[in-house]
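Colleague: Contents of input.txt (compact mmCIF, C-alpha atoms) are below:
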```txt
# COMPACT_ATOMS: atom_id res chain seq x y z
CA MET A 379 0.00 0.00 0.00
CA ILE A 380 1.20 3.48 -0.85
CA SER A 381 -0.22 6.38 1.09
CA ILE A 382 0.21 9.94 -0.17
CA ASN A 383 -0.95 13.15 1.44
CA ILE A 384 0.75 16.27 0.09
CA GLN A 385 0.21 20.00 -0.21
CA LYS A 386 2.33 22.23 -2.40
CA ASN A 387 2.01 25.80 -3.59
CA ILE A 388 2.50 25.97 -7.35
CA LYS A 389 2.40 28.75 -9.89
CA THR A 390 0.03 28.37 -12.83
CA TYR A 391 -0.89 30.73 -15.64
CA LYS A 392 -3.96 31.64 -13.57
CA GLY A 393 -1.84 32.59 -10.57
CA ARG A 394 -0.83 30.79 -7.40
CA TYR A 395 -2.54 27.53 -6.58
CA ARG A 396 -2.34 24.98 -3.76
CA LEU A 397 -1.95 21.45 -5.05
CA THR A 398 -3.57 19.07 -2.59
CA VAL A 399 -3.61 15.31 -3.06
CA ALA A 400 -4.58 12.69 -0.49
CA ASP A 401 -5.05 9.10 -1.59
CA SER A 402 -3.97 5.52 -1.01
CA PHE A 403 -2.78 3.30 -3.81
CA PRO A 404 -3.17 -0.49 -3.39
CA ALA A 405 0.02 -2.47 -4.01
CA GLY A 406 0.26 -3.59 -7.63
CA SER A 407 -2.50 -1.26 -8.80
CA VAL A 408 -2.34 1.02 -11.85
CA THR A 409 -3.83 4.45 -11.15
CA LYS A 410 -4.57 6.97 -13.84
CA VAL A 411 -4.18 10.59 -12.72
CA TYR A 412 -6.12 13.13 -14.71
CA GLY A 413 -7.22 16.75 -14.48
CA PRO A 414 -6.99 20.08 -16.30
CA SER A 415 -3.71 21.20 -17.89
CA GLY A 416 -1.30 22.98 -15.56
CA ILE A 417 -3.06 21.73 -12.44
CA GLY A 418 0.10 20.04 -11.11
CA LYS A 419 -0.11 16.42 -12.28
CA THR A 420 3.57 16.32 -13.28
CA THR A 421 4.50 18.11 -10.04
CA PHE A 422 2.60 15.40 -8.16
CA LEU A 423 4.75 12.69 -9.80
CA ARG A 424 7.94 14.71 -9.16
CA ILE A 425 7.05 15.03 -5.45
CA ILE A 426 6.59 11.25 -5.18
CA ALA A 427 9.96 10.64 -6.91
CA GLY A 428 11.72 13.12 -4.62
CA LEU A 429 12.50 15.59 -7.41
CA SER A 430 10.32 18.28 -5.84
CA THR A 431 9.47 18.95 -2.20
CA PRO A 432 6.01 19.98 -0.97
CA GLU A 433 5.44 22.49 1.82
CA GLN A 434 3.58 19.83 3.78
CA GLY A 435 3.10 16.16 3.29
CA LYS A 436 3.67 12.52 4.04
CA ILE A 437 4.45 9.69 1.64
CA VAL A 438 4.62 6.12 2.91
CA VAL A 439 5.54 3.36 0.44
CA HIS A 440 5.06 -0.22 1.62
CA GLY A 441 5.61 0.81 5.22
CA GLN A 442 8.69 2.93 4.50
CA THR A 443 8.38 6.68 5.03
CA TRP A 444 9.77 8.49 1.99
CA LEU A 445 8.60 11.92 3.10
CA ASP A 446 7.28 13.37 6.32
CA THR A 447 7.65 17.13 6.45
CA ALA A 448 6.50 17.25 10.09
CA ALA A 449 9.19 14.78 11.16
CA GLY A 450 11.84 16.26 8.82
CA ILE A 451 12.12 13.08 6.73
CA ASN A 452 12.80 13.53 3.01
CA MET A 453 14.48 10.63 1.23
CA SER A 454 16.51 11.55 -1.85
CA PRO A 455 15.45 10.41 -5.34
CA GLN A 456 18.44 8.02 -5.25
CA GLU A 457 17.10 6.35 -2.10
CA ARG A 458 13.51 6.21 -3.38
CA LYS A 459 14.50 4.69 -6.75
CA ALA A 460 11.04 5.18 -8.25
CA GLY A 461 10.89 4.29 -11.94
CA PHE A 462 10.13 7.53 -13.77
CA VAL A 463 9.04 7.88 -17.39
CA PHE A 464 9.51 11.57 -18.16
CA GLN A 465 7.21 13.41 -20.54
CA ASP A 466 10.27 14.53 -22.57
CA TYR A 467 11.69 10.96 -22.24
CA ALA A 468 14.96 12.29 -20.70
CA LEU A 469 17.06 9.91 -22.80
CA PHE A 470 20.83 10.22 -22.72
CA PRO A 471 22.15 11.32 -26.15
CA ASN A 472 25.56 9.73 -25.44
CA MET A 473 24.17 6.24 -24.83
CA THR A 474 22.80 3.55 -27.13
CA VAL A 475 19.50 1.79 -26.44
CA ARG A 476 21.29 -1.12 -24.73
CA GLU A 477 23.54 1.23 -22.74
CA HIS A 478 20.42 2.99 -21.40
CA LEU A 479 19.17 -0.28 -19.98
CA GLN A 480 22.64 -1.26 -18.74
CA TYR A 481 22.83 2.07 -16.94
CA ALA A 482 19.72 1.10 -14.98
CA SER A 483 20.41 -2.62 -14.54
CA THR A 484 23.18 -5.23 -14.71
CA ASP A 485 20.70 -8.06 -15.34
CA GLU A 486 21.43 -8.94 -18.99
CA LEU A 487 18.55 -11.45 -19.14
CA LEU A 488 16.09 -8.77 -18.06
CA ILE A 489 17.61 -6.31 -20.54
CA SER A 490 17.13 -8.76 -23.42
CA ARG A 491 13.59 -9.45 -22.29
CA LEU A 492 12.77 -5.75 -22.14
CA LEU A 493 14.29 -5.13 -25.57
CA THR A 494 12.06 -7.86 -27.01
CA MET A 495 9.02 -6.53 -25.17
CA GLY A 496 9.58 -3.04 -26.55
CA ARG A 497 10.41 -4.40 -30.04
CA MET A 498 13.79 -2.70 -29.77
CA GLU A 499 16.18 -5.66 -30.32
CA SER A 500 17.23 -4.52 -33.78
CA PHE A 501 17.84 -0.96 -32.55
CA ASP A 502 19.91 -1.83 -29.49
CA SER A 503 23.04 -0.11 -30.83
CA HIS A 504 21.16 3.04 -31.90
CA LYS A 505 21.40 6.30 -30.03
CA PRO A 506 18.18 8.21 -29.16
CA GLN A 507 18.65 10.80 -31.91
CA HIS A 508 18.39 7.98 -34.47
CA LEU A 509 15.11 6.63 -33.07
CA SER A 510 11.55 7.67 -33.92
CA GLY A 511 9.39 9.42 -31.29
CA GLY A 512 7.56 6.16 -30.53
CA GLN A 513 10.82 4.23 -30.16
CA GLN A 514 12.21 6.90 -27.84
CA GLN A 515 9.10 6.70 -25.68
CA ARG A 516 9.32 2.91 -25.52
CA LEU A 517 12.97 3.16 -24.52
CA ALA A 518 12.06 5.58 -21.71
CA ILE A 519 9.49 3.04 -20.42
CA LEU A 520 11.93 0.11 -20.71
CA ARG A 521 14.66 2.04 -18.89
CA ALA A 522 12.31 2.81 -16.00
CA LEU A 523 11.34 -0.87 -15.81
CA ALA A 524 14.94 -2.10 -15.94
CA GLN A 525 15.50 -1.20 -12.29
CA ARG A 526 12.50 -3.35 -11.19
CA PRO A 527 10.87 -0.39 -9.41
CA LYS A 528 8.41 -0.89 -6.59
CA LEU A 529 6.73 2.27 -7.80
CA LEU A 530 6.50 3.31 -11.45
CA LEU A 531 5.61 6.90 -12.32
CA MET A 532 4.62 7.58 -15.93
CA ASP A 533 4.07 11.06 -17.34
CA GLU A 534 2.11 10.90 -20.60
CA ALA A 535 4.03 7.72 -21.35
CA PHE A 536 1.93 6.44 -24.28
CA SER A 537 1.35 9.72 -26.13
CA ALA A 538 3.68 8.95 -29.07
CA LEU A 539 2.57 5.35 -29.62
CA ASP A 540 0.08 4.22 -32.26
CA ASP A 541 -2.97 2.25 -31.08
CA GLU A 542 -1.70 -1.18 -32.07
CA LEU A 543 1.73 -0.73 -30.51
CA ARG A 544 0.24 0.77 -27.33
CA GLU A 545 -2.20 -2.13 -26.90
CA ASP A 546 0.60 -4.69 -27.38
CA LEU A 547 2.89 -2.81 -24.99
CA ILE A 548 0.11 -2.53 -22.37
CA THR A 549 -0.45 -6.31 -22.51
CA ASP A 550 3.27 -6.96 -21.90
CA LEU A 551 3.51 -4.20 -19.30
CA LYS A 552 0.67 -5.68 -17.26
CA ILE A 553 2.52 -9.00 -17.11
CA ILE A 554 5.87 -7.53 -16.10
CA LEU A 555 4.37 -5.08 -13.58
CA LYS A 556 2.51 -7.98 -11.92
CA GLU A 557 5.72 -10.01 -11.83
CA PHE A 558 7.70 -7.13 -10.29
CA GLU A 559 4.76 -6.31 -7.94
CA THR A 560 5.05 -2.72 -9.13
CA THR A 561 2.49 -0.10 -8.24
CA THR A 562 1.97 2.33 -11.12
CA ILE A 563 0.75 5.90 -11.29
CA ILE A 564 0.25 7.26 -14.80
CA VAL A 565 -0.61 10.81 -15.77
CA SER A 566 -2.60 11.05 -18.97
CA HIS A 567 -4.72 13.62 -20.72
CA HIS A 568 -6.53 11.13 -22.92
CA ALA A 569 -8.91 8.50 -21.52
CA GLN A 570 -8.26 6.29 -24.58
CA GLU A 571 -4.54 6.10 -23.86
CA THR A 572 -4.83 4.20 -20.58
CA LEU A 573 -7.77 2.01 -21.59
CA GLY A 574 -7.07 -1.56 -20.48
CA PHE A 575 -4.07 -0.40 -18.41
CA ALA A 576 -5.35 1.61 -15.44
CA ASP A 577 -7.62 -0.12 -12.96
CA ARG A 578 -8.40 2.97 -10.90
CA SER A 579 -8.28 6.73 -11.35
CA LEU A 580 -7.54 9.88 -9.39
CA LYS A 581 -8.75 13.32 -10.39
CA ILE A 582 -6.69 16.38 -9.48
CA ASP A 583 -8.58 19.66 -9.71
CA MET B 100 66.05 31.40 -33.18
CA GLU B 101 65.72 30.06 -29.64
CA TRP B 102 63.16 27.27 -29.11
CA THR B 103 62.92 27.84 -25.34
CA PRO B 104 60.20 30.58 -25.58
CA ILE B 105 58.02 28.27 -27.73
CA TRP B 106 58.52 25.40 -25.26
CA LEU B 107 57.76 27.70 -22.32
CA SER B 108 54.55 28.93 -23.98
CA LEU B 109 53.38 25.37 -24.68
CA LYS B 110 54.27 24.27 -21.14
CA LEU B 111 52.47 27.26 -19.64
CA ALA B 112 49.36 26.69 -21.80
CA ALA B 113 49.28 22.95 -21.03
CA ILE B 114 49.70 23.36 -17.26
CA THR B 115 47.17 26.22 -17.13
CA THR B 116 44.62 24.21 -19.15
CA MET B 117 45.05 21.14 -16.92
CA ILE B 118 44.66 23.19 -13.73
CA LEU B 119 41.63 24.96 -15.16
CA MET B 120 40.01 21.64 -16.10
CA LEU B 121 40.31 20.60 -12.46
CA ILE B 122 39.06 23.92 -11.07
CA GLY B 123 36.88 25.30 -13.86
CA ILE B 124 34.64 22.30 -14.59
CA PRO B 125 33.39 21.83 -10.99
CA LEU B 126 33.04 25.61 -10.71
CA ALA B 127 31.00 25.73 -13.93
CA TYR B 128 28.79 22.92 -12.60
CA TRP B 129 28.16 24.83 -9.37
CA LEU B 130 27.41 28.06 -11.26
CA SER B 131 25.02 26.26 -13.64
CA ARG B 132 22.82 25.18 -10.73
CA ARG B 133 20.08 27.40 -9.31
CA SER B 134 21.09 31.04 -9.37
CA SER B 135 21.68 33.17 -6.27
CA TRP B 136 23.05 36.64 -5.54
CA LEU B 137 26.33 35.11 -4.35
CA LYS B 138 26.71 33.26 -7.65
CA VAL B 139 25.94 36.43 -9.64
CA VAL B 140 28.72 38.28 -7.79
CA ILE B 141 31.20 35.40 -8.16
CA GLU B 142 30.40 35.03 -11.87
CA ALA B 143 30.92 38.77 -12.36
CA ILE B 144 34.33 38.55 -10.68
CA LEU B 145 35.27 35.52 -12.79
CA THR B 146 34.26 37.37 -15.95
CA MET B 147 36.39 40.43 -15.16
CA PRO B 148 39.52 39.11 -16.94
CA LEU B 149 37.49 39.07 -20.19
CA VAL B 150 36.87 42.81 -20.09
CA LEU B 151 39.78 44.19 -18.07
CA PRO B 152 42.85 45.35 -19.98
CA PRO B 153 45.51 42.63 -19.40
CA SER B 154 47.94 45.26 -18.12
CA VAL B 155 45.46 46.29 -15.40
CA LEU B 156 44.99 42.70 -14.28
CA GLY B 157 48.75 42.14 -14.51
CA PHE B 158 49.43 45.25 -12.42
CA TYR B 159 47.11 44.17 -9.60
CA LEU B 160 48.47 40.63 -9.69
CA LEU B 161 51.99 42.07 -9.53
CA LEU B 162 51.03 44.08 -6.44
CA SER B 163 49.36 41.03 -4.85
CA PHE B 164 52.26 38.68 -5.56
CA SER B 165 54.93 41.16 -4.52
CA PRO B 166 56.90 40.25 -1.34
CA ASN B 167 55.82 43.65 0.02
CA SER B 168 52.17 42.56 0.05
CA PHE B 169 50.57 40.43 2.77
CA PHE B 170 49.89 37.55 0.35
CA GLY B 171 53.35 37.68 -1.25
CA ARG B 172 55.06 37.80 2.15
CA TRP B 173 52.93 34.90 3.41
CA LEU B 174 53.89 32.77 0.36
CA LEU B 175 57.55 33.59 0.83
CA GLU B 176 57.59 32.94 4.59
CA TYR B 177 55.57 29.71 4.69
CA PHE B 178 56.30 28.16 1.27
CA ASN B 179 59.50 29.91 0.23
CA LEU B 180 57.67 30.78 -2.97
CA SER B 181 57.87 34.00 -4.94
CA LEU B 182 55.31 34.39 -7.69
CA VAL B 183 56.89 37.53 -9.15
CA PHE B 184 59.25 36.97 -12.10
CA SER B 185 58.90 33.19 -11.89
CA PHE B 186 57.27 30.50 -14.03
CA GLU B 187 55.04 29.54 -11.07
CA GLY B 188 53.78 33.13 -11.00
CA LEU B 189 52.99 32.94 -14.71
CA VAL B 190 50.95 29.78 -14.11
CA VAL B 191 48.92 31.37 -11.27
CA ALA B 192 48.33 34.56 -13.30
CA SER B 193 47.35 32.53 -16.39
CA VAL B 194 44.89 30.45 -14.38
CA ILE B 195 43.20 33.64 -13.16
CA TYR B 196 43.34 35.30 -16.59
CA SER B 197 42.02 32.30 -18.53
CA LEU B 198 39.43 31.13 -15.98
CA PRO B 199 36.39 32.59 -17.82
CA PHE B 200 37.44 30.85 -21.05
CA MET B 201 37.07 27.49 -19.32
CA VAL B 202 34.09 28.27 -17.08
CA SER B 203 31.75 30.17 -19.46
CA PRO B 204 31.30 27.57 -22.25
CA VAL B 205 31.01 24.68 -19.79
CA LYS B 206 28.58 26.54 -17.52
CA SER B 207 26.44 27.61 -20.47
CA ALA B 208 26.31 24.06 -21.87
CA LEU B 209 25.40 22.54 -18.49
CA ALA B 210 22.69 25.15 -17.95
CA HIS B 211 21.16 24.33 -21.35
CA LEU B 212 21.16 20.59 -20.77
CA PRO B 213 17.58 19.48 -19.88
CA ALA B 214 17.32 19.01 -16.11
CA SER B 215 15.38 15.81 -16.69
CA LEU B 216 18.56 14.02 -17.87
CA ALA B 217 20.20 14.28 -14.48
CA GLU B 218 16.88 13.69 -12.72
CA ALA B 219 16.34 10.45 -14.66
CA SER B 220 19.76 9.30 -13.49
CA TYR B 221 19.00 10.22 -9.87
CA THR B 222 15.79 8.18 -9.92
CA MET B 223 17.92 5.22 -11.01
CA GLY B 224 19.88 5.54 -7.77
CA LYS B 225 22.95 7.21 -9.30
CA SER B 226 24.80 9.82 -7.26
CA LYS B 227 25.32 13.40 -8.42
CA LEU B 228 29.00 12.71 -9.10
CA HIS B 229 28.25 9.54 -11.08
CA THR B 230 25.55 11.39 -13.03
CA PHE B 231 27.93 14.23 -13.76
CA TYR B 232 30.65 11.97 -15.23
CA ARG B 233 28.38 9.48 -17.01
CA VAL B 234 25.51 11.69 -18.22
CA GLN B 235 26.15 15.42 -18.04
CA LEU B 236 29.80 15.71 -19.02
CA PRO B 237 29.62 13.37 -22.08
CA ASN B 238 26.64 15.34 -23.38
CA ILE B 239 28.46 18.66 -23.36
CA LYS B 240 31.55 17.22 -25.08
CA SER B 241 31.71 19.81 -27.86
CA SER B 242 31.46 22.70 -25.38
CA LEU B 243 34.10 21.06 -23.24
CA TRP B 244 36.46 20.88 -26.23
CA THR B 245 35.67 24.51 -27.01
CA ALA B 246 36.57 25.48 -23.44
CA ILE B 247 39.82 23.49 -23.50
CA VAL B 248 40.89 24.90 -26.86
CA LEU B 249 39.99 28.48 -25.97
CA THR B 250 41.85 28.21 -22.68
CA PHE B 251 44.94 26.69 -24.29
CA ALA B 252 45.00 29.10 -27.24
CA HIS B 253 44.29 32.12 -25.04
CA THR B 254 47.11 31.22 -22.66
CA LEU B 255 49.44 30.58 -25.58
CA GLY B 256 48.85 34.11 -26.86
CA GLU B 257 49.00 35.89 -23.48
CA PHE B 258 51.16 39.00 -23.42
CA GLY B 259 50.17 41.81 -21.06
CA VAL B 260 49.67 39.79 -17.89
CA VAL B 261 52.72 37.63 -18.59
CA LEU B 262 54.93 40.66 -19.16
CA MET B 263 53.76 42.35 -15.94
CA ILE B 264 54.16 39.27 -13.72
CA GLY B 265 57.08 37.48 -15.34
CA GLY B 266 59.07 40.12 -17.15
CA ARG B 267 61.32 38.58 -19.78
CA LEU B 268 63.72 36.25 -17.97
CA GLU B 269 65.42 33.93 -20.46
CA GLY B 270 64.51 30.30 -19.89
CA SER B 271 61.92 30.89 -17.19
CA THR B 272 59.42 33.66 -18.06
CA LYS B 273 60.25 34.76 -21.60
CA VAL B 274 57.42 33.06 -23.49
CA ALA B 275 56.89 33.18 -27.28
CA SER B 276 54.63 36.26 -27.32
CA ILE B 277 57.28 38.25 -25.43
CA ALA B 278 60.05 36.85 -27.65
CA ILE B 279 58.12 38.22 -30.67
CA TYR B 280 57.86 41.64 -29.04
CA ASP B 281 61.56 41.65 -28.12
CA ALA B 282 62.58 40.57 -31.62
CA VAL B 283 60.54 43.37 -33.21
CA ASP B 284 61.91 45.83 -30.66
CA ASN B 285 65.43 44.83 -31.75
CA ASN B 286 64.57 44.98 -35.47
CA GLN B 287 64.95 41.20 -35.78
CA TYR B 288 61.94 40.78 -38.04
CA HIS B 289 63.00 37.38 -39.36
CA GLU B 290 63.09 35.95 -35.82
CA ALA B 291 59.77 37.58 -34.94
CA ASN B 292 58.30 36.09 -38.10
CA MET B 293 59.52 32.60 -37.20
CA TYR B 294 58.01 32.74 -33.70
CA SER B 295 54.76 34.12 -35.10
CA LEU B 296 54.55 31.43 -37.80
CA ILE B 297 55.10 28.66 -35.25
CA LEU B 298 52.45 30.05 -32.88
CA PHE B 299 50.07 30.49 -35.83
CA ALA B 300 50.65 26.91 -37.00
CA ILE B 301 50.20 25.38 -33.52
CA THR B 302 46.96 27.29 -32.91
CA PHE B 303 45.63 26.47 -36.39
CA VAL B 304 46.31 22.74 -35.99
CA ILE B 305 44.57 22.69 -32.58
CA VAL B 306 41.49 24.49 -33.90
CA ILE B 307 41.34 22.22 -36.99
CA LEU B 308 41.55 19.13 -34.76
CA VAL B 309 38.64 20.35 -32.68
CA PHE B 310 36.53 21.03 -35.77
CA VAL B 311 37.34 17.54 -37.10
CA PHE B 312 36.57 15.98 -33.73
CA ASN B 313 33.24 17.80 -33.49
CA LYS B 314 32.26 17.53 -37.14
CA ASN B 315 29.04 15.65 -36.26
CA ALA B 316 27.99 18.07 -33.53
CA MET B 317 24.85 20.13 -34.14
CA ARG B 318 26.70 23.34 -33.44
CA GLY B 319 30.19 24.44 -34.37
CA PRO B 320 32.80 23.82 -31.68
CA LEU B 321 33.38 27.52 -31.16
CA GLU B 322 29.68 28.45 -30.89
```
Starting from the file, lay out its structure as structure tokens.
Modeller:
Amino acid sequence: MISINIQKNIKTYKGRYRLTVADSFPAGSVTKVYGPSGIGKTTFLRIIAGLSTPEQGKIVVHGQTWLDTAAGINMSPQERKAGFVFQDYALFPNMTVREHLQYASTDELLISRLLTMGRMESFDSHKPQHLSGGQQQRLAILRALAQRPKLLLMDEAFSALDDELREDLITDLKIILKEFETTTIIVSHHAQETLGFADRSLKID
Amino acid sequence: MEWTPIWLSLKLAAITTMILMLIGIPLAYWLSRRSSWLKVVIEAILTMPLVLPPSVLGFYLLLSFSPNSFFGRWLLEYFNLSLVFSFEGLVVASVIYSLPFMVSPVKSALAHLPASLAEASYTMGKSKLHTFYRVQLPNIKSSLWTAIVLTFAHTLGEFGVVLMIGGRLEGSTKVASIAIYDAVDNNQYHEANMYSLILFAITFVIVILVFVFNKNAMRGPLE
């Protein structure tokens, strides 16, 4: 079980706004987070990963306190090791597809399995700048999975994939996430994108 | 023609560049992080050698390094080191004078690198140091080469600061740029021409190598 209760002041184009989220996420569940643009969905994911700090809040992941502002606890992103699929993919231009996965994991069997799952075997020596948008997005997902995260955070992670590829990837993702016992939180603007993937939803407004 | 001034110039440029790689790259990283008033002031001070006349900088360094100053006396008493009219003094002055040429391109490149690259690495459990060497530094390679070349070439061509701090002692502080000036001053145009041609050739080869090395980069190595 993951329990999150955070409050953070954020700036939007409409002015200052207080992002407030309080929810519990069952272990192994996939939660879709949705809400208007600029409301703080990405900030919410960044707070969970430890990349941003809220004014007040508490995050407990499987009994371990990642953040407790009242008690002065704030684990670093390195300690939290949440898998994060960034909206801009955040791929490393100096690394090939295989090197990306090797950067996250030393398990060569898992790396080969992920490459097959993402249909990237024949591109494993390519660098990101030589991949299509869809391939780059798949690589970002595979890299986040390579570290077998207990918590996977996905920011618009299927936006560049065509319907067929997305449906195939979701089928494989469901299997691997169940195997890793990973809890997933995915931010998405489009209901269609997470169809068949998310089993619960959270609205931020 | 004496080869010692050429050798001294190359030695000075190489040592200065190596020291500045050790000092300038971490400094550029620190400056590229979130801005503060302290950083603005420090960056302004670091940029001063770019706009100050070299003779002004050389004059103040001469005063600071002089055994009559507190700093100069302290160096002499505790380390038996005099930075005035010595090769060591030239190195210290060159490091100060060429600092912005190493720091500015590296800082600018790091600041323009998407923050998400380092963040992605952090979420994979990698430390800031590991991330810096494996992710950030390799992705600013062309700017790093630019910084190294600019620093080396700038130090190679130094004149005003070097003359003020080192004078023109044969074999220890008389570098190629001063040898050219001396040769012209003594109407030895052939010798001045030889020194100039050699400096021109060395600099040209270095710049060509960098362009060849960075030929696939999106931007030119000196942008």
Colleague: Should the cut-off be 12 Å, what would the residue list for chain B against chain A look like, counting only C-alpha atoms, as a list in words?
Modeller: Leu212, Pro213, Ala214, Ser215, Leu216, Ala217, Glu218, Ala219, Ser220, Tyr221, Thr222, Met223, Gly224, Lys225, Ser226, Lys227, His229, Thr230, Tyr232, Arg233, Val234, Gln235, Leu236, Pro237, Asn238, Ile239, Lys240, Ala316 and Met317 of chain B
Colleague: Go ahead and write the residues just picked, C-alpha atoms, as an mmCIF file, keeping the file's coordinate frame.
Modeller:
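Written file, part_27.cif:
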```
data_model
loop_
_atom_site.group_PDB
_atom_site.id
_atom_site.type_symbol
_atom_site.label_atom_id
_atom_site.label_comp_id
_atom_site.auth_asym_id
_atom_site.auth_seq_id
_atom_site.Cartn_x
_atom_site.Cartn_y
_atom_site.Cartn_z
ATOM 1 C CA LEU B 212 21.160 20.590 -20.770
ATOM 2 C CA PRO B 213 17.580 19.480 -19.880
ATOM 3 C CA ALA B 214 17.320 19.010 -16.110
ATOM 4 C CA SER B 215 15.380 15.810 -16.690
ATOM 5 C CA LEU B 216 18.560 14.020 -17.870
ATOM 6 C CA ALA B 217 20.200 14.280 -14.480
ATOM 7 C CA GLU B 218 16.880 13.690 -12.720
ATOM 8 C CA ALA B 219 16.340 10.450 -14.660
ATOM 9 C CA SER B 220 19.760 9.300 -13.490
ATOM 10 C CA TYR B 221 19.000 10.220 -9.870
ATOM 11 C CA THR B 222 15.790 8.180 -9.920
ATOM 12 C CA MET B 223 17.920 5.220 -11.010
ATOM 13 C CA GLY B 224 19.880 5.540 -7.770
ATOM 14 C CA LYS B 225 22.950 7.210 -9.300
ATOM 15 C CA SER B 226 24.800 9.820 -7.260
ATOM 16 C CA LYS B 227 25.320 13.400 -8.420
ATOM 17 C CA HIS B 229 28.250 9.540 -11.080
ATOM 18 C CA THR B 230 25.550 11.390 -13.030
ATOM 19 C CA TYR B 232 30.650 11.970 -15.230
ATOM 20 C CA ARG B 233 28.380 9.480 -17.010
ATOM 21 C CA VAL B 234 25.510 11.690 -18.220
ATOM 22 C CA GLN B 235 26.150 15.420 -18.040
ATOM 23 C CA LEU B 236 29.800 15.710 -19.020
ATOM 24 C CA PRO B 237 29.620 13.370 -22.080
ATOM 25 C CA ASN B 238 26.640 15.340 -23.380
ATOM 26 C CA ILE B 239 28.460 18.660 -23.360
ATOM 27 C CA LYS B 240 31.550 17.220 -25.080
ATOM 28 C CA ALA B 316 27.990 18.070 -33.530
ATOM 29 C CA MET B 317 24.850 20.130 -34.140
#
```
Colleague: Would you kindly return, as a list in words, each protein, DNA or RNA residue with an atom no farther than 12 Å from any atom of A:His440, considering only C-alpha atoms and excluding same-chain residues fewer than 4 positions away?
Modeller: Met379, Ile380, Ser381, Ile382, Ser402, Phe403, Pro404, Ala405, Gly406, Trp444, Arg458, Lys528, Leu529, Glu559, Thr560 and Thr561 of chain A
Colleague: Given the choices B:Leu262, B:Ile141, B:Ala208, B:Ile301, which gets closest to B:Leu160 if the distance is worked out from all atoms listed in the file?
Modeller: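 Of the candidates, the smallest distance to B:Leu160 is held by B:Leu262.
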Colleague: Figure out the distance between atom CA of A:Ile388 and atom CA of A:Gly416, please, to one decimal in Å.
Modeller: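 Computing the Euclidean distance for atom CA of A:Gly416 and atom CA of A:Ile388 yields 9.5 Å.
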Colleague: Which polymer residues have any atom within 12 Å of an atom of A:Ile548, counting only C-alpha atoms, with same-chain residues fewer than 2 positions away left out, as a list in words?
Modeller: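 Contacts, in chain order: Val408, Met495, Gly496, Arg516, Ile519, Ala535, Phe536, Leu539, Asp540, Asp541, Glu542, Leu543, Arg544, Glu545, Asp546, Asp550, Leu551, Lys552, Ile553, Ile554, Leu555, Glu571, Thr572, Leu573, Gly574, Phe575 and Ala576 of chain A.
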Colleague: Env of A:His567: 12 Å cut, atoms = all atoms listed in the file, seq-sep filter 6 positions within chain, self excluded. Answer as a PyMOL selection string.
Modeller: chain A and resi 410-417+419-420+465+533-537+581-582
Colleague: When you look at A:Asp485 with a cut-off of 12 Å (counting only C-alpha atoms), what residues show up, excluding the ones that are within fewer than 4 positions of it in the same chain? I need them as a PyMOL selection string.
Modeller: chain A and resi 476+479-481+489-492+523-526
Colleague: With C-alpha atoms retained, write the just-selected residues as a compact mmCIF listing (two decimals), keeping the file's coordinate frame.
Modeller:
```txt
# COMPACT_ATOMS: atom_id res chain seq x y z
CA ARG A 476 21.29 -1.12 -24.73
CA LEU A 479 19.17 -0.28 -19.98
CA GLN A 480 22.64 -1.26 -18.74
CA TYR A 481 22.83 2.07 -16.94
CA ILE A 489 17.61 -6.31 -20.54
CA SER A 490 17.13 -8.76 -23.42
CA ARG A 491 13.59 -9.45 -22.29
CA LEU A 492 12.77 -5.75 -22.14
CA LEU A 523 11.34 -0.87 -15.81
CA ALA A 524 14.94 -2.10 -15.94
CA GLN A 525 15.50 -1.20 -12.29
CA ARG A 526 12.50 -3.35 -11.19
```
